[in-house]
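Content type mmCIF, C-alpha atoms, from the file run05.cif:
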```cif
data_entry
#
loop_
_atom_site.label_atom_id
_atom_site.label_comp_id
_atom_site.auth_asym_id
_atom_site.auth_seq_id
_atom_site.Cartn_x
_atom_site.Cartn_y
_atom_site.Cartn_z
CA MET D 1 -31.16 58.15 -8.89
CA LEU D 2 -29.83 58.92 -12.41
CA VAL D 3 -28.59 62.41 -13.44
CA ASP D 4 -27.17 63.85 -16.64
CA ARG D 5 -23.57 65.08 -16.83
CA PRO D 6 -23.02 67.79 -19.48
CA ALA D 7 -19.98 67.74 -21.73
CA TYR D 8 -17.55 70.65 -21.58
CA ASN D 9 -15.46 71.81 -24.56
CA ARG D 10 -12.33 73.93 -24.11
CA GLY D 11 -13.01 77.66 -24.56
CA ARG D 12 -16.67 77.23 -25.24
CA ARG D 13 -19.78 77.34 -23.19
CA PRO D 14 -21.08 73.94 -22.17
CA SER D 15 -23.55 72.44 -24.52
CA ALA D 16 -25.72 69.39 -24.12
CA PRO D 17 -24.31 66.40 -26.04
CA PRO D 18 -26.61 64.56 -28.40
CA HIS D 19 -26.38 61.48 -26.19
CA PRO D 20 -25.88 62.62 -22.58
CA ARG D 21 -23.83 60.32 -20.36
CA ARG D 22 -25.79 59.02 -17.40
CA ILE D 23 -24.18 58.22 -14.08
CA ALA D 24 -25.70 56.52 -11.10
CA ILE D 25 -25.84 58.16 -7.73
CA ASP D 26 -26.66 55.74 -4.92
CA HIS D 27 -28.92 56.86 -2.14
CA PRO D 28 -29.61 54.60 0.82
CA ALA D 29 -33.05 53.07 0.82
CA PRO D 30 -35.26 54.38 3.58
CA ALA D 31 -35.05 52.19 6.66
CA ARG D 32 -38.00 49.92 7.17
CA PRO D 33 -39.88 50.62 10.40
CA VAL D 34 -39.11 48.11 13.10
CA THR D 35 -42.28 46.56 14.51
CA TRP D 36 -42.92 43.53 16.66
CA ARG D 37 -44.08 41.70 13.54
CA THR D 38 -40.91 42.39 11.58
CA THR D 39 -38.79 41.49 14.61
CA LEU D 40 -40.69 38.24 15.16
CA GLY D 41 -40.40 37.39 11.48
CA ARG D 42 -36.67 38.02 11.63
CA LEU D 43 -36.27 35.82 14.70
CA VAL D 44 -38.24 33.01 13.05
CA HIS D 45 -35.95 33.28 10.02
CA ILE D 46 -32.88 33.08 12.25
CA SER D 47 -34.30 29.92 13.88
CA ARG D 48 -34.29 28.13 10.46
CA PRO D 49 -37.77 26.55 10.49
CA VAL D 50 -36.80 24.11 7.74
CA LEU D 51 -34.50 22.43 10.30
CA TRP D 52 -36.98 22.27 13.20
CA ILE D 53 -37.66 18.66 12.23
CA ASN D 54 -34.36 17.79 13.92
CA THR D 55 -35.69 18.88 17.32
CA ILE D 56 -39.48 18.76 17.39
CA GLY D 57 -39.68 15.74 15.09
CA THR D 58 -37.28 13.81 17.30
CA GLY D 59 -39.16 14.87 20.42
CA VAL D 60 -42.55 13.78 19.06
CA LEU D 61 -41.13 10.42 17.98
CA GLY D 62 -39.61 10.04 21.44
CA MET D 63 -43.07 10.56 22.94
CA TRP D 64 -44.66 8.03 20.56
CA LEU D 65 -42.01 5.46 21.44
CA THR D 66 -43.34 5.58 25.00
CA GLY D 67 -46.65 4.28 23.65
CA GLN D 68 -48.55 7.56 24.10
CA LEU D 69 -50.02 9.40 21.13
CA LEU D 70 -50.12 12.64 23.13
CA ASP D 71 -48.93 12.89 26.72
CA PRO D 72 -49.96 16.26 28.25
CA ALA D 73 -46.82 16.20 30.40
CA ALA D 74 -44.71 16.33 27.22
CA ILE D 75 -46.40 19.40 25.71
CA PRO D 76 -44.14 22.06 27.33
CA LEU D 77 -41.07 20.12 26.23
CA LEU D 78 -42.37 19.75 22.68
CA VAL D 79 -43.22 23.46 22.44
CA TRP D 80 -39.71 24.32 23.66
CA LEU D 81 -38.28 22.19 20.85
CA THR D 82 -39.86 24.47 18.22
CA LEU D 83 -38.96 28.18 18.02
CA PRO D 84 -37.32 28.63 21.46
CA PHE D 85 -34.64 25.97 21.25
CA ASN D 86 -33.96 26.44 17.54
CA LEU D 87 -33.54 30.18 18.13
CA LEU D 88 -31.00 29.27 20.81
CA ILE D 89 -29.09 26.92 18.48
CA TYR D 90 -28.99 29.12 15.42
CA GLY D 91 -29.13 32.52 17.07
CA VAL D 92 -25.99 31.78 19.07
CA ASN D 93 -24.42 30.26 15.96
CA ASP D 94 -25.17 33.35 13.86
CA ILE D 95 -23.77 35.70 16.52
CA PHE D 96 -20.38 33.97 16.55
CA ASP D 97 -20.26 33.11 12.83
CA GLN D 98 -20.77 36.59 11.40
CA GLU D 99 -17.36 36.58 9.71
CA THR D 100 -17.79 33.31 7.84
CA ASP D 101 -21.51 33.92 7.17
CA ALA D 102 -20.59 37.15 5.37
CA LEU D 103 -18.65 35.01 2.87
CA ASN D 104 -21.31 32.34 2.53
CA PRO D 105 -23.74 32.71 -0.40
CA ARG D 106 -26.22 30.35 1.29
CA LYS D 107 -26.87 32.79 4.11
CA GLY D 108 -29.83 35.08 3.75
CA SER D 109 -32.04 32.25 2.44
CA ILE D 110 -34.13 29.57 4.15
CA GLU D 111 -30.81 27.83 4.89
CA GLY D 112 -29.85 30.50 7.40
CA ALA D 113 -29.86 34.21 8.14
CA ARG D 114 -27.02 36.67 7.71
CA ILE D 115 -27.28 38.90 10.76
CA GLU D 116 -25.97 42.41 11.36
CA PRO D 117 -24.01 43.44 14.48
CA ARG D 118 -26.90 45.67 15.60
CA GLU D 119 -29.13 42.57 15.85
CA VAL D 120 -26.96 40.77 18.40
CA ARG D 121 -28.58 42.38 21.46
CA THR D 122 -32.07 41.55 20.18
CA ILE D 123 -31.10 37.92 19.52
CA VAL D 124 -29.56 37.51 22.99
CA TRP D 125 -32.66 38.90 24.69
CA ALA D 126 -34.97 36.81 22.50
CA VAL D 127 -33.04 33.63 23.30
CA ALA D 128 -33.24 34.37 27.03
CA ILE D 129 -36.93 35.34 27.01
CA THR D 130 -38.02 32.30 25.00
CA ASN D 131 -35.88 29.71 26.79
CA VAL D 132 -35.46 30.62 30.46
CA PRO D 133 -39.16 30.21 31.41
CA PHE D 134 -39.21 26.72 29.88
CA LEU D 135 -36.00 25.70 31.65
CA ALA D 136 -37.45 26.93 34.95
CA TRP D 137 -40.65 24.95 34.39
CA PHE D 138 -38.68 21.80 33.58
CA LEU D 139 -36.97 22.03 36.97
CA ILE D 140 -40.38 21.84 38.60
CA ALA D 141 -42.10 19.36 36.30
CA TYR D 142 -39.48 16.80 35.30
CA PRO D 143 -37.11 14.44 37.13
CA LEU D 144 -33.53 15.40 37.92
CA ALA D 145 -32.17 13.02 35.25
CA ALA D 146 -34.29 14.70 32.56
CA ASN D 147 -33.11 18.14 33.65
CA ALA D 148 -29.49 16.99 33.54
CA LEU D 149 -30.01 15.82 29.96
CA ILE D 150 -31.77 19.07 29.03
CA LEU D 151 -28.86 21.05 30.49
CA LEU D 152 -26.38 18.92 28.53
CA TYR D 153 -28.44 19.35 25.36
CA THR D 154 -28.49 23.13 25.78
CA ALA D 155 -24.83 23.47 26.74
CA VAL D 156 -23.57 21.44 23.79
CA PHE D 157 -25.32 23.69 21.28
CA VAL D 158 -24.31 26.91 23.02
CA PHE D 159 -20.66 25.91 23.15
CA TYR D 160 -20.68 24.49 19.65
CA SER D 161 -20.56 28.13 18.56
CA ALA D 162 -19.55 30.13 21.62
CA PRO D 163 -16.08 30.46 23.16
CA PRO D 164 -14.17 29.30 25.05
CA LEU D 165 -15.02 25.77 23.88
CA ARG D 166 -16.37 26.58 20.38
CA PHE D 167 -16.56 22.97 19.21
CA LYS D 168 -17.13 24.19 15.65
CA GLN D 169 -13.42 24.99 15.28
CA ARG D 170 -12.23 21.64 16.66
CA PRO D 171 -12.06 18.94 13.98
CA PHE D 172 -13.94 15.73 14.86
CA LEU D 173 -15.25 17.30 18.06
CA ASP D 174 -17.44 19.56 15.91
CA SER D 175 -19.03 16.51 14.31
CA LEU D 176 -19.18 14.36 17.46
CA SER D 177 -20.79 17.16 19.48
CA ASN D 178 -23.67 17.22 17.01
CA ALA D 179 -24.69 13.80 18.25
CA ALA D 180 -26.72 15.95 20.64
CA TYR D 181 -29.37 16.30 17.93
CA GLY D 182 -30.46 12.79 18.89
CA LEU D 183 -30.93 13.60 22.59
CA PRO D 184 -34.69 14.41 22.45
CA LEU D 185 -35.24 10.72 21.74
CA LEU D 186 -33.76 10.15 25.21
CA ILE D 187 -34.90 13.30 27.01
CA VAL D 188 -38.63 12.88 26.34
CA PRO D 189 -38.97 9.31 27.68
CA VAL D 190 -36.85 10.14 30.75
CA ALA D 191 -38.98 13.25 31.40
CA LEU D 192 -42.14 11.10 31.18
CA GLY D 193 -40.74 8.33 33.37
CA ALA D 194 -40.64 5.79 30.52
CA PRO D 195 -37.75 3.53 29.48
CA PRO D 196 -35.81 4.80 26.43
CA LEU D 197 -35.52 2.62 23.34
CA TRP D 198 -31.74 2.48 23.39
CA PRO D 199 -31.01 1.15 19.86
CA ALA D 200 -33.11 4.01 18.43
CA VAL D 201 -31.46 6.58 20.70
CA THR D 202 -27.92 5.41 19.95
CA GLY D 203 -28.69 5.08 16.26
CA LEU D 204 -29.93 8.66 16.04
CA LEU D 205 -26.93 9.96 17.99
CA VAL D 206 -24.44 8.47 15.52
CA TRP D 207 -26.68 9.39 12.56
CA SER D 208 -26.43 13.03 13.64
CA VAL D 209 -22.62 12.83 13.77
CA ALA D 210 -22.61 11.73 10.13
CA LYS D 211 -25.06 14.34 8.90
CA HIS D 212 -23.29 17.28 10.50
CA ALA D 213 -19.95 16.48 8.88
CA TYR D 214 -21.55 15.79 5.51
CA ASP D 215 -23.48 19.07 5.49
CA ALA D 216 -20.29 21.00 6.34
CA VAL D 217 -18.67 19.97 3.04
CA GLN D 218 -20.55 22.73 1.20
CA ASP D 219 -18.98 25.35 3.46
CA ILE D 220 -15.36 24.17 3.15
CA ASP D 221 -14.20 27.15 1.08
CA GLU D 222 -15.86 29.79 3.29
CA ASP D 223 -14.72 28.13 6.52
CA ARG D 224 -11.14 27.78 5.24
CA GLU D 225 -11.07 31.45 4.17
CA ALA D 226 -12.32 32.48 7.62
CA GLY D 227 -9.68 30.31 9.33
CA ILE D 228 -12.16 27.78 10.71
CA ARG D 229 -10.94 24.15 10.76
CA THR D 230 -13.89 21.79 10.73
CA THR D 231 -13.89 18.05 10.18
CA ALA D 232 -14.85 18.74 6.57
CA VAL D 233 -12.00 21.25 6.10
CA LEU D 234 -9.51 18.79 7.60
CA LEU D 235 -10.64 15.67 5.73
CA GLY D 236 -11.80 17.26 2.49
CA PRO D 237 -14.94 16.18 0.62
CA ARG D 238 -13.78 12.59 -0.05
CA GLY D 239 -12.53 11.96 3.48
CA THR D 240 -15.68 13.49 4.95
CA ALA D 241 -17.84 11.22 2.79
CA LEU D 242 -16.00 8.21 4.22
CA TRP D 243 -16.29 9.57 7.79
CA SER D 244 -20.04 10.17 7.38
CA GLY D 245 -20.53 6.89 5.58
CA PHE D 246 -19.05 4.98 8.51
CA TRP D 247 -21.38 6.60 11.05
CA TRP D 248 -24.42 6.21 8.79
CA LEU D 249 -23.58 2.51 8.42
CA VAL D 250 -23.41 2.15 12.20
CA SER D 251 -26.76 3.95 12.53
CA SER D 252 -28.36 1.58 10.01
CA VAL D 253 -27.19 -1.43 12.02
CA LEU D 254 -28.62 0.05 15.22
CA PHE D 255 -31.93 1.02 13.56
CA ALA D 256 -32.26 -2.57 12.34
CA PHE D 257 -32.79 -3.64 15.96
CA VAL D 258 -35.90 -1.43 15.97
CA SER D 259 -37.19 -1.50 12.39
CA ILE D 260 -35.77 -3.22 9.32
CA PRO D 261 -37.63 -0.90 6.86
CA VAL D 262 -36.28 2.22 8.59
CA ALA D 263 -32.76 0.78 8.63
CA ALA D 264 -32.98 -0.12 4.93
CA LEU D 265 -34.30 3.31 3.95
CA ASN D 266 -31.57 4.97 6.02
CA ALA D 267 -28.90 2.91 4.29
CA VAL D 268 -30.24 3.70 0.82
CA ILE D 269 -30.44 7.48 1.28
CA ALA D 270 -27.09 7.64 3.07
CA GLY D 271 -25.54 5.45 0.40
CA VAL D 272 -26.70 7.78 -2.37
CA LEU D 273 -25.27 10.82 -0.57
CA VAL D 274 -21.94 9.16 0.18
CA VAL D 275 -21.40 7.61 -3.25
CA TRP D 276 -22.32 10.83 -5.03
CA MET D 277 -19.80 12.74 -2.94
CA LEU D 278 -17.10 10.14 -3.60
CA VAL D 279 -17.72 10.38 -7.35
CA ARG D 280 -17.67 14.20 -7.35
CA PRO D 281 -15.79 15.25 -4.20
CA THR D 282 -16.23 19.03 -4.21
CA PRO D 283 -17.99 21.63 -2.04
CA ALA D 284 -20.25 22.31 -5.03
CA THR D 285 -21.52 18.75 -4.79
CA GLY D 286 -22.30 19.36 -1.12
CA ARG D 287 -24.32 22.44 -2.03
CA ARG D 288 -26.13 20.54 -4.79
CA LEU D 289 -27.02 17.67 -2.46
CA TYR D 290 -27.96 19.79 0.55
CA PRO D 291 -31.71 19.73 -0.33
CA VAL D 292 -31.50 15.93 -0.30
CA SER D 293 -29.76 16.07 3.07
CA ILE D 294 -32.50 18.37 4.41
CA ALA D 295 -35.16 15.94 3.14
CA PHE D 296 -33.36 12.95 4.69
CA PRO D 297 -34.79 13.31 8.24
CA TYR D 298 -38.23 14.21 6.86
CA VAL D 299 -38.40 11.04 4.77
CA ALA D 300 -36.80 8.65 7.28
CA GLY D 301 -38.66 10.24 10.20
CA SER D 302 -42.00 10.00 8.42
CA VAL D 303 -41.47 6.29 7.77
CA ALA D 304 -40.36 5.67 11.35
CA SER D 305 -43.30 7.64 12.74
CA GLY D 306 -45.79 5.91 10.44
CA LEU D 307 -44.59 2.49 11.50
CA GLN D 308 -44.71 3.42 15.19
CA LEU D 309 -48.23 4.84 14.89
CA THR D 310 -49.37 1.71 13.07
CA LYS D 311 -47.88 -0.44 15.82
CA MET D 312 -49.64 1.64 18.49
CA PHE D 313 -52.95 1.35 16.61
CA PHE D 314 -52.83 -2.43 16.40
CA GLU D 315 -51.75 -2.71 20.03
CA ALA D 316 -54.78 -0.63 21.04
CA TYR D 317 -57.39 -2.01 18.64
CA GLY D 318 -55.94 -5.20 17.17
#
```

Please express what this file holds, its structure, as structure tokens.
Amino acid sequence: MLVDRPAYNRGRRPSAPPHPRRIAIDHPAPARPVTWRTTLGRLVHISRPVLWINTIGTGVLGMWLTGQLLDPAAIPLLVWLTLPFNLLIYGVNDIFDQETDALNPRKGSIEGARIEPREVRTIVWAVAITNVPFLAWFLIAYPLAANALILLYTAVFVFYSAPPLRFKQRPFLDSLSNAAYGLPLLIVPVALGAPPLWPAVTGLLVWSVAKHAYDAVQDIDEDREAGIRTTAVLLGPRGTALWSGFWWLVSSVLFAFVSIPVAALNAVIAGVLVVWMLVRPTPATGRRLYPVSIAFPYVAGSVASGLQLTKMFFEAYG
């Protein structure tokens, strides 16, 4: 709201100046009503849908690698790998990263939410409500080995952010723990009683180590200011590029045992990211290249999925 402030002259009655000075008075905006739709929309935002490809995409590919286009037994697991598990990953992360997220200009966009303390209780309940029923069903429906892997998968992402382990603040362990993003490629076949394709599984595990460290370069300044020592903070942009480049090279070698085109594409995209960072080793470069990093699994995963579907088609009808 804007109001006029009159000018006062000594010994004279106040008179309106020819050009009144205007000052701003801030009034809080009326609070938006909280409905189930706004709450659901907020929870979806917190779960970072743009990154769901890392869980559901990997799970679907894991199912296709068993030779089944759609196995009904995999459906509960695949549904869990959408909103429920991503809300667990990023909801827990946002709860324990409020300090550094407040400094991060990326937060509040599609790249991640910036939560308020009053939202913590809602997030905790939402994580429990959306995940516990699935975990209970898995105990009934899937073998013990699959449940052990699911428990490991869940625990790694909880304790990446949560104390007392909080892998995020432990250089190298923060990056290595994110190998867990590749676990659906192992979990789904084991749950369905099919043999895993080990070169693909191992390749995706080490690929995920590389990507996590590389993506953390853009947050070096905010993490350092908040007192968080990540692999990227410790090594700096140039050292992190070399660290990620090594793991991406290993992943390309492993993918070559499964598909030469996928391995070649992986090497090309990773090479562009690494070389660009080595040429301009700054957090700003990491922020500039983050859209390319987000697209990386979409592009490589689409090629891998297309080749696998083509193989399945010719095996069935060739």

Checklist entry - Near segment 164-171 of chain D, within 6 Å and counting only C-alpha atoms, which residues show up once chain neighbours fewer than 6 positions away are dropped, as an NGL selection string? => result :D and (228-231)

Item to check | Residue with smallest distance to Leu40 of chain D - pool D:Asn104, D:Ser259, D:Thr82, D:Thr122, counting only C-alpha atoms | outcome: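 Using only C-alpha atoms, the shortest distance to Leu40 of chain D belongs to D:Thr122.
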
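If you look at atom CA of Ala213 of chain D and atom CA of Leu176 of chain D, they are 8.9 Å away from each other.
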
Checklist entry - Which residues fall under the PyMOL selection byres ((chain D and resi 114) around 8) in this file, as an MDAnalysis selection string? => result chainID D and resid 94 98 101:102 107:108 112:113 115:116

Item to check | Atom-to-atom span, atom CA of Leu185 of chain D and atom CA of Ile260 of chain D, Å | outcome: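 Distance between the two atoms: 18.7 Å.
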
Checklist entry - Hey, what comes out of the PyMOL selection byres ((chain D and resi 268) around 12) on this file? Could you write it as number ranges by chain? => result D: 245, 248-249, 252, 261-267, 269-275, 296, 299-300

Checklist entry - For the atom pair atom CA of Asn131 of chain D and atom CA of Pro84 of chain D, what is the interatomic distance in Å to one decimal place? => result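 About the pair atom CA of Asn131 of chain D and atom CA of Pro84 of chain D: they are 5.6 Å apart.
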
Next on the checklist: When you count only C-alpha atoms, which of these residues is closest to Leu307 of chain D: D:Thr240, D:Pro281, D:Val258, D:Ser161?
Outcome noted: D:Val258

Next on the checklist: Translate the PyMOL selection byres ((chain D and resi 145) around 12) into a concrete residue list for this structure, as a list of chain:residue names.
Outcome noted: D:Phe138, D:Leu139, D:Ala141, D:Tyr142, D:Pro143, D:Leu144, D:Ala146, D:Asn147, D:Ala148, D:Leu149, D:Ile150, D:Leu151, D:Leu152, D:Leu186, D:Ile187, D:Val188, D:Pro189, D:Val190, D:Ala191, D:Leu192, D:Gly193

Checklist entry - Counting all atoms listed in the file, what is within 10 Å of Ala295 of chain D, bar same-chain residues fewer than 5 positions away, as a VMD selection string? => result chain D and resid 50 to 51 53 269 290 300 to 301

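Checking D:Gly227, D:Pro105, D:Pro297, D:Gly67 one by one against Phe313 of chain D, counting only C-alpha atoms, you find the shortest gap at D:Gly67.
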
Checklist entry - Using all atoms listed in the file, what residues lie at most 12 Å away from (-36.9, 35.3, 9.0) (file coordinates), given as a count of residues only? => result 27

Next on the checklist: I'd like the neighbourhood of Phe172 of chain D as a PyMOL selection string, where a residue qualifies if any of its atoms comes within 12 Å (using all atoms listed in the file), though same-chain residues fewer than 6 positions away should be ignored.
Outcome noted: chain D and resi 178-179+209-210+212-213+216+229-235+240+243-244

Would you mind exporting the chosen residues as a CSV table (one decimal), in the frame of the given file, restricted to C-alpha atoms?
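New file part06.csv:
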```csv
chain,number,residue,atom,x,y,z
D,178,ASN,CA,-23.7,17.2,17.0
D,179,ALA,CA,-24.7,13.8,18.2
D,209,VAL,CA,-22.6,12.8,13.8
D,210,ALA,CA,-22.6,11.7,10.1
D,212,HIS,CA,-23.3,17.3,10.5
D,213,ALA,CA,-20.0,16.5,8.9
D,216,ALA,CA,-20.3,21.0,6.3
D,229,ARG,CA,-10.9,24.2,10.8
D,230,THR,CA,-13.9,21.8,10.7
D,231,THR,CA,-13.9,18.0,10.2
D,232,ALA,CA,-14.8,18.7,6.6
D,233,VAL,CA,-12.0,21.2,6.1
D,234,LEU,CA,-9.5,18.8,7.6
D,235,LEU,CA,-10.6,15.7,5.7
D,240,THR,CA,-15.7,13.5,5.0
D,243,TRP,CA,-16.3,9.6,7.8
D,244,SER,CA,-20.0,10.2,7.4
```

Item to check | Ref. answer, residues at most 6 Å from (-39.7, 2.5, 26.6) with only C-alpha atoms, as a list in words | outcome: Thr66, Ala194, Pro195, Pro196 and Leu197 of chain D

Please provide the set of residues having any atom within 9 Å of Gly286 of chain D, restricted to only C-alpha atoms, with same-chain residues fewer than 3 positions apart removed, written as a compact mmCIF listing (two decimals) with C-alpha atoms, keeping the file's coordinate frame.
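Output file selection.txt is given in full below:
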```txt
# COMPACT_ATOMS: atom_id res chain seq x y z
CA TYR D 214 -21.55 15.79 5.51
CA ASP D 215 -23.48 19.07 5.49
CA ALA D 216 -20.29 21.00 6.34
CA VAL D 217 -18.67 19.97 3.04
CA GLN D 218 -20.55 22.73 1.20
CA ASP D 219 -18.98 25.35 3.46
CA PRO D 237 -14.94 16.18 0.62
CA MET D 277 -19.80 12.74 -2.94
CA PRO D 281 -15.79 15.25 -4.20
CA THR D 282 -16.23 19.03 -4.21
CA PRO D 283 -17.99 21.63 -2.04
CA LEU D 289 -27.02 17.67 -2.46
CA TYR D 290 -27.96 19.79 0.55
```
